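S.K.: Provided herewith: protein_30.cif, mmCIF, C-alpha atoms and all ligand atoms.
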data_input
#
loop_
_atom_site.label_atom_id
_atom_site.label_comp_id
_atom_site.auth_asym_id
_atom_site.auth_seq_id
_atom_site.Cartn_x
_atom_site.Cartn_y
_atom_site.Cartn_z
CA MET O 11 -63.30 -96.48 -58.71
CA THR O 12 -60.41 -98.91 -59.13
CA LEU O 13 -61.22 -102.57 -58.66
CA ASP O 14 -57.73 -104.01 -58.78
CA GLY O 15 -54.66 -102.98 -60.76
CA SER O 16 -55.86 -101.88 -64.16
CA ARG O 17 -59.53 -102.92 -63.91
CA GLN O 18 -61.49 -99.71 -63.96
CA VAL O 19 -65.28 -99.48 -63.67
CA ILE O 20 -66.69 -97.15 -66.31
CA LEU O 21 -68.85 -94.92 -64.12
CA ALA O 22 -71.17 -93.54 -66.75
CA ALA O 23 -71.90 -96.88 -68.38
CA VAL O 24 -75.35 -98.18 -67.68
CA MET O 25 -74.49 -101.76 -68.47
CA GLN O 26 -73.89 -103.39 -65.11
CA GLY O 27 -70.50 -105.01 -64.67
CA TYR O 28 -68.95 -103.42 -67.78
CA ASP O 29 -65.35 -102.32 -67.17
CA ASN O 30 -62.26 -101.44 -69.19
CA THR O 31 -61.50 -105.09 -69.93
CA SER O 32 -65.02 -106.01 -71.12
CA TYR O 33 -64.77 -104.93 -74.75
CA GLY O 34 -61.34 -106.34 -75.44
CA ASP O 35 -61.90 -109.63 -73.67
CA ALA O 36 -65.20 -110.15 -75.52
CA PHE O 37 -63.97 -109.24 -79.02
CA ALA O 38 -60.33 -110.43 -79.07
CA ASP O 39 -61.11 -113.74 -80.78
CA VAL O 40 -63.08 -112.13 -83.64
CA TYR O 41 -61.50 -108.64 -83.77
CA ASP O 42 -59.25 -109.12 -86.78
CA GLU O 43 -61.91 -111.09 -88.69
CA TRP O 44 -64.64 -108.51 -88.04
CA TYR O 45 -62.63 -105.27 -88.01
CA GLY O 46 -59.30 -106.01 -89.72
CA ASP O 47 -60.31 -103.89 -92.76
CA ILE O 48 -62.24 -101.21 -90.90
CA SER O 49 -59.89 -98.38 -91.86
CA ASP O 50 -57.09 -97.51 -94.24
CA VAL O 51 -54.01 -98.94 -92.47
CA GLU O 52 -51.53 -97.70 -95.08
CA ALA O 53 -52.74 -94.08 -94.92
CA THR O 54 -52.88 -94.20 -91.12
CA VAL O 55 -49.34 -95.49 -90.83
CA ALA O 56 -48.01 -92.96 -93.37
CA ALA O 57 -49.60 -89.99 -91.57
CA LEU O 58 -48.43 -91.16 -88.14
CA ALA O 59 -44.90 -91.77 -89.43
CA THR O 60 -44.75 -88.18 -90.74
CA LEU O 61 -45.92 -86.81 -87.37
CA ALA O 62 -43.42 -89.05 -85.56
CA ALA O 63 -40.52 -87.79 -87.69
CA ALA O 64 -41.49 -84.19 -86.87
CA ALA O 65 -41.52 -85.16 -83.18
CA GLY O 66 -37.84 -86.07 -83.41
CA GLY O 67 -37.91 -89.82 -83.01
CA LEU O 68 -39.40 -89.83 -79.49
CA PRO O 69 -41.45 -92.95 -78.63
CA ILE O 70 -44.90 -93.44 -80.17
CA VAL O 71 -47.72 -94.80 -78.01
CA GLU O 72 -51.00 -96.31 -79.23
CA LEU O 73 -53.79 -96.13 -76.64
CA GLY O 74 -55.98 -99.25 -76.87
CA VAL O 75 -53.61 -101.11 -79.19
CA GLY O 76 -55.87 -104.16 -79.48
CA THR O 77 -54.40 -106.88 -81.66
CA GLY O 78 -51.78 -104.56 -83.17
CA ARG O 79 -53.73 -103.96 -86.42
CA LEU O 80 -52.05 -100.53 -86.73
CA ALA O 81 -49.12 -100.81 -84.32
CA PHE O 82 -47.31 -103.66 -86.11
CA PRO O 83 -47.12 -101.96 -89.53
CA LEU O 84 -46.32 -98.64 -87.84
CA ALA O 85 -43.47 -100.14 -85.79
CA GLU O 86 -42.02 -101.63 -88.98
CA ARG O 87 -42.32 -98.31 -90.83
CA VAL O 88 -40.74 -96.04 -88.17
CA GLN O 89 -37.96 -98.22 -86.80
CA PRO O 90 -35.74 -97.55 -84.88
CA THR O 91 -38.34 -95.28 -83.23
CA LEU O 92 -39.91 -97.19 -80.34
CA VAL O 93 -43.63 -98.02 -80.61
CA ILE O 94 -45.49 -98.98 -77.43
CA GLY O 95 -49.07 -100.24 -77.36
CA ILE O 96 -51.12 -100.08 -74.18
CA ASP O 97 -54.30 -102.08 -73.62
CA SER O 98 -56.30 -103.08 -70.55
CA SER O 99 -57.55 -106.35 -72.02
CA PRO O 100 -55.41 -109.43 -71.37
CA ALA O 101 -57.22 -111.26 -74.20
CA MET O 102 -56.39 -108.55 -76.76
CA LEU O 103 -52.72 -108.51 -75.74
CA HIS O 104 -52.66 -112.32 -75.81
CA ARG O 105 -53.88 -112.19 -79.40
CA LEU O 106 -51.29 -109.49 -80.20
CA ALA O 107 -48.53 -111.65 -78.69
CA ALA O 108 -49.58 -114.60 -80.86
CA LYS O 109 -49.40 -112.40 -83.98
CA HIS O 110 -46.02 -111.08 -82.79
CA ALA O 111 -44.65 -114.63 -82.64
CA GLU O 112 -46.30 -115.92 -85.83
CA GLU O 113 -46.32 -112.96 -88.25
CA HIS O 114 -44.05 -110.21 -86.86
CA ALA O 115 -41.14 -112.03 -85.23
CA ASP O 116 -38.71 -109.18 -85.98
CA SER O 117 -40.99 -106.41 -84.71
CA ALA O 118 -39.75 -104.26 -81.84
CA LEU O 119 -43.32 -103.37 -80.80
CA GLN O 120 -43.62 -103.26 -77.01
CA THR O 121 -46.84 -103.58 -75.00
CA ILE O 122 -48.16 -102.57 -71.59
CA LEU O 123 -51.11 -104.32 -69.96
CA GLY O 124 -52.81 -101.40 -68.26
CA ASP O 125 -55.22 -98.51 -68.41
CA MET O 126 -54.66 -95.86 -71.06
CA ILE O 127 -55.16 -93.05 -68.55
CA ASP O 128 -53.49 -94.31 -65.39
CA ASP O 129 -50.71 -96.51 -66.73
CA LEU O 130 -49.12 -94.48 -69.52
CA PRO O 131 -45.35 -94.84 -69.90
CA ASP O 132 -43.16 -91.92 -68.79
CA GLY O 133 -42.40 -89.18 -71.32
CA PRO O 134 -41.22 -87.43 -73.24
CA LEU O 135 -43.37 -89.00 -75.95
CA GLY O 136 -43.50 -88.12 -79.64
CA VAL O 137 -46.89 -89.22 -80.98
CA VAL O 138 -49.69 -90.62 -78.85
CA PHE O 139 -52.59 -91.86 -80.98
CA ILE O 140 -55.95 -93.41 -80.40
CA ALA O 141 -57.69 -94.84 -83.43
CA PHE O 142 -61.17 -95.61 -84.60
CA ASN O 143 -63.45 -94.37 -81.80
CA THR O 144 -61.34 -96.03 -79.10
CA PHE O 145 -61.29 -92.69 -77.23
CA PHE O 146 -65.06 -93.12 -76.78
CA ASN O 147 -64.46 -96.42 -74.97
CA ILE O 148 -63.55 -94.18 -72.04
CA GLY O 149 -66.97 -94.09 -70.39
CA SER O 150 -67.28 -90.54 -69.05
CA ALA O 151 -66.39 -86.99 -70.06
CA ALA O 152 -64.36 -86.58 -66.87
CA ARG O 153 -62.21 -89.63 -67.62
CA GLN O 154 -61.81 -88.55 -71.26
CA ALA O 155 -60.46 -85.21 -70.00
CA ASP O 156 -58.18 -87.13 -67.60
CA CYS O 157 -56.82 -89.05 -70.60
CA MET O 158 -55.97 -85.84 -72.45
CA ARG O 159 -54.29 -84.40 -69.34
CA SER O 160 -52.30 -87.58 -68.81
CA VAL O 161 -51.05 -87.47 -72.42
CA ALA O 162 -50.34 -83.71 -72.34
CA GLN O 163 -48.11 -84.16 -69.28
CA ARG O 164 -45.93 -86.59 -71.22
CA LEU O 165 -45.66 -85.01 -74.68
CA GLY O 166 -42.29 -83.76 -75.89
CA PRO O 167 -42.16 -80.18 -77.27
CA ASN O 168 -42.95 -81.27 -80.85
CA GLY O 169 -45.17 -84.15 -79.82
CA CYS O 170 -48.88 -84.56 -80.49
CA LEU O 171 -52.01 -86.45 -79.51
CA VAL O 172 -53.93 -87.85 -82.49
CA ILE O 173 -57.58 -88.82 -82.07
CA GLU O 174 -59.51 -90.59 -84.85
CA ALA O 175 -63.23 -90.66 -84.18
CA MET O 176 -66.70 -90.41 -85.64
CA VAL O 177 -68.64 -87.16 -85.68
CA PRO O 178 -71.82 -87.96 -83.73
CA GLU O 179 -75.11 -87.67 -85.61
CA ASP O 180 -77.01 -84.38 -85.15
CA PRO O 181 -79.62 -84.72 -83.74
CA PRO O 182 -78.19 -87.64 -81.77
CA ARG O 183 -79.60 -91.11 -82.12
CA THR O 184 -81.94 -92.20 -79.32
CA GLY O 185 -83.81 -95.46 -78.71
CA SER O 186 -83.10 -99.13 -79.33
CA LEU O 187 -82.16 -101.17 -82.36
CA VAL O 188 -82.02 -104.88 -83.11
CA ASP O 189 -80.31 -105.98 -86.29
CA VAL O 190 -78.94 -109.16 -87.89
CA LYS O 191 -75.14 -109.13 -88.24
CA SER O 192 -74.89 -112.56 -89.84
CA LEU O 193 -77.10 -115.50 -90.55
CA ALA O 194 -76.14 -119.08 -91.40
CA ASN O 195 -77.71 -122.51 -91.16
CA ASP O 196 -76.14 -123.26 -87.79
CA ARG O 197 -75.34 -119.76 -86.49
CA VAL O 198 -76.92 -116.34 -86.08
CA ILE O 199 -75.39 -113.13 -84.72
CA LEU O 200 -77.79 -110.39 -83.62
CA SER O 201 -76.76 -106.84 -82.83
CA VAL O 202 -78.72 -105.20 -80.02
CA ALA O 203 -78.02 -101.53 -79.23
CA ARG O 204 -79.42 -98.76 -77.04
CA TYR O 205 -78.72 -95.07 -77.66
CA ASP O 206 -79.06 -92.16 -75.21
CA GLY O 207 -78.64 -88.85 -77.02
CA VAL O 208 -78.77 -86.81 -73.82
CA GLN O 209 -76.04 -88.73 -72.01
CA GLN O 210 -74.15 -89.14 -75.33
CA THR O 211 -73.87 -92.87 -74.74
CA ALA O 212 -74.50 -95.99 -76.77
CA GLU O 213 -74.20 -99.55 -75.61
CA GLY O 214 -75.00 -102.92 -77.02
CA GLN O 215 -74.32 -106.60 -77.40
CA PHE O 216 -73.52 -108.85 -80.30
CA ILE O 217 -75.39 -112.03 -79.39
CA GLU O 218 -74.21 -115.19 -81.11
CA PHE O 219 -76.33 -118.34 -81.11
CA THR O 220 -74.89 -121.61 -82.35
CA GLU O 221 -76.23 -125.17 -82.34
CA SER O 222 -73.04 -126.50 -80.79
CA GLY O 223 -71.75 -123.60 -78.65
CA GLY O 224 -74.91 -122.15 -77.09
CA VAL O 225 -75.00 -118.38 -76.61
CA ARG O 226 -72.03 -115.98 -76.66
CA LEU O 227 -72.33 -112.32 -75.63
CA ARG O 228 -70.02 -109.56 -76.86
CA PRO O 229 -70.80 -106.27 -75.03
CA TRP O 230 -69.69 -102.77 -76.04
CA SER O 231 -70.29 -99.34 -74.55
CA ILE O 232 -69.23 -95.86 -75.62
CA ARG O 233 -69.52 -92.25 -74.46
CA TYR O 234 -69.21 -90.11 -77.56
CA ALA O 235 -68.46 -86.40 -78.05
CA PRO O 236 -68.44 -84.00 -81.03
CA PRO O 237 -65.15 -82.43 -82.15
CA THR O 238 -66.08 -79.11 -80.49
CA GLU O 239 -66.37 -80.85 -77.10
CA LEU O 240 -63.08 -82.69 -77.66
CA ASP O 241 -61.44 -79.33 -78.40
CA GLN O 242 -62.78 -77.90 -75.12
CA MET O 243 -61.48 -80.91 -73.20
CA ALA O 244 -58.14 -80.55 -74.94
CA ALA O 245 -57.96 -76.84 -74.04
CA SER O 246 -58.54 -77.69 -70.37
CA ALA O 247 -55.67 -80.19 -70.66
CA GLY O 248 -53.31 -77.57 -72.14
CA LEU O 249 -53.67 -78.77 -75.75
CA ARG O 250 -54.86 -77.06 -78.92
CA CYS O 251 -56.21 -78.58 -82.13
CA ALA O 252 -53.44 -77.89 -84.65
CA GLU O 253 -54.88 -79.87 -87.58
CA ARG O 254 -58.09 -81.71 -88.41
CA TRP O 255 -58.67 -83.92 -91.42
CA GLU O 256 -61.60 -86.11 -92.40
CA THR O 257 -59.33 -89.14 -92.71
CA PHE O 258 -55.68 -90.09 -92.27
CA ALA O 259 -55.33 -89.72 -96.06
CA GLY O 260 -55.65 -85.97 -95.43
CA GLU O 261 -59.05 -85.21 -97.00
CA PRO O 262 -60.23 -81.86 -95.66
CA PHE O 263 -62.62 -81.89 -92.73
CA THR O 264 -65.95 -80.19 -93.58
CA ASP O 265 -69.34 -79.65 -91.95
CA ASP O 266 -70.49 -82.82 -93.74
CA SER O 267 -67.66 -85.05 -92.50
CA ALA O 268 -68.82 -88.11 -90.61
CA ARG O 269 -65.33 -88.76 -89.19
CA HIS O 270 -62.31 -86.77 -88.12
CA VAL O 271 -58.64 -87.15 -87.39
CA SER O 272 -57.60 -84.43 -84.95
CA VAL O 273 -54.01 -83.55 -84.11
CA TYR O 274 -53.57 -81.85 -80.72
CA ARG O 275 -50.36 -80.09 -79.71
CA LEU O 276 -49.20 -78.39 -76.53
CA ALA O 277 -50.85 -74.96 -76.33
C1 LIG N 301 -61.91 -100.80 -80.88
S1 LIG N 301 -60.49 -101.58 -80.19
C2 LIG N 301 -59.25 -100.80 -81.14
C3 LIG N 301 -57.99 -101.61 -81.35
C4 LIG N 301 -56.94 -100.97 -82.25
N1 LIG N 301 -56.59 -99.64 -81.80
C5 LIG N 301 -57.42 -100.89 -83.68
O1 LIG N 301 -57.67 -99.78 -84.17
O2 LIG N 301 -57.57 -101.93 -84.30
C6 LIG N 301 -60.38 -100.77 -78.63
C7 LIG N 301 -59.28 -101.29 -77.73
O3 LIG N 301 -59.16 -100.42 -76.60
C8 LIG N 301 -58.96 -101.21 -75.43
N2 LIG N 301 -59.39 -100.40 -74.28
C9 LIG N 301 -60.63 -100.01 -73.96
N3 LIG N 301 -60.61 -99.26 -72.85
C10 LIG N 301 -59.31 -99.17 -72.47
C11 LIG N 301 -58.63 -98.51 -71.39
N4 LIG N 301 -59.29 -97.77 -70.49
N5 LIG N 301 -57.30 -98.63 -71.31
C12 LIG N 301 -56.59 -99.36 -72.22
N6 LIG N 301 -57.19 -100.01 -73.25
C13 LIG N 301 -58.52 -99.90 -73.38
C14 LIG N 301 -59.79 -102.46 -75.68
O4 LIG N 301 -59.37 -103.53 -74.86
C15 LIG N 301 -59.54 -102.68 -77.16
O5 LIG N 301 -58.45 -103.50 -77.38
#
Re-express the file's structure as structure tokens.

M.R.:
Amino acid sequence: MTLDGSRQVILAAVMQGYDNTSYGDAFADVYDEWYGDISDVEATVAALATLAAAAGGLPIVELGVGTGRLAFPLAERVQPTLVIGIDSSPAMLHRLAAKHAEEHADSALQTILGDMIDDLPDGPLGVVFIAFNTFFNIGSAARQADCMRSVAQRLGPNGCLVIEAMVPEDPPRTGSLVDVKSLANDRVILSVARYDGVQQTAEGQFIEFTESGGVRLRPWSIRYAPPTELDQMAASAGLRCAERWETFAGEPFTDDSARHVSVYRLA
């Protein structure tokens, strides 16, 4: 169901009112502080640059580019190959634009404010990548499959879709959890989460209390899938898993891996 332009209600999400702008708009101000070091940027950029070279210099697209944590260093590494970041959150792209002006004035990184399924740029594209569980921000299996189809339709002959994601726990987590993210004299941030192992969903809030600023809510919601299910979705989109590593540094993926980087190519 489309609300207006790029605002897309996530049908499977239980959290009322959560849409494809909710995460980005809630986390943009703290994203780099909280998650700036969440993964190995250098290894990610190196692996993507190698894939982009093999794709013949066609444009690279990051789905859910956020603040440009990965896209800025990648754009610098692969120039003159065009890097385009798409994101549905105005607040995230506002933060990216501020970094563009202040820290990356020479960068040729381009952005699109829009949905990563419905508003992709025209092909042919070289590498389309989606990092750090962002694929699971798409709230239903049907829309995740739509995303793969949308990418597959735009890939050049040597292009690929790269998905970096967690391997869900087996058996899946179920129930609720309240935890303390940080605690100070004048500020506390609680993490509240609810897990549904049958629906393969998890949703939560970071709740910040301050003496001066009252209460601030930061909601998140994901629909997760194991690699085997992603491979089935990919097959229905005309893609095959050509390579799978544990990380962008190329460690082999094993039965014990908690994460994966999967490279899908046209079947
Ligand atoms: C976890 S952040 C990842 C940001 C960046 N890729 C990184 O690794 O630092 C997820 C991003 O995806 C964006 N997003 C979520 N759903 C989206 C959708 N349907 N279309 C476009 N962007 C979306 C959010 O606004 C947010 O900026």

S.K.: Grab the atom O4 of ligand LIG 301 (chain N) to CA of Val188 (chain O) distance for me, in Å with one decimal place.

M.R.: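 Between these atoms lies a distance of 24.1 Å.
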
S.K.: Return as an MDAnalysis selection string the residues of protein, DNA or RNA that approach ligand LIG 301 (chain N) to within 9 Å, with only C-alpha atoms and all ligand atoms taken into account.

M.R.: chainID O and resid 16:18 20 29:38 41:42 45:46 48:49 72:81 95:103 123:129 139:149

S.K.: Point out the residue among O:Val202, O:Leu276, O:Leu130, O:Met176 with the least atom-to-atom distance to Trp255 (chain O), counting all atoms listed in the file.

M.R.: O:Met176

S.K.: For each of O:Ala212, O:Leu187, O:Asp180, O:Asn195, take the minimum atom-to-atom distance to Asp265 (chain O), counting all atoms listed in the file, then give the residue where this is smallest.

M.R.: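 Looking only at the distances to Asp265 (chain O), the closest residue turns out to be O:Asp180.
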
S.K.: Go through O:Phe216, O:Tyr234, O:Tyr28, O:Trp44 one by one, measure the shortest atom-to-atom distance of each to Asp189 (chain O) using only C-alpha atoms, and give the residue with the smallest value.

M.R.: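 For Asp189 (chain O), the nearest of the given residues is O:Phe216.
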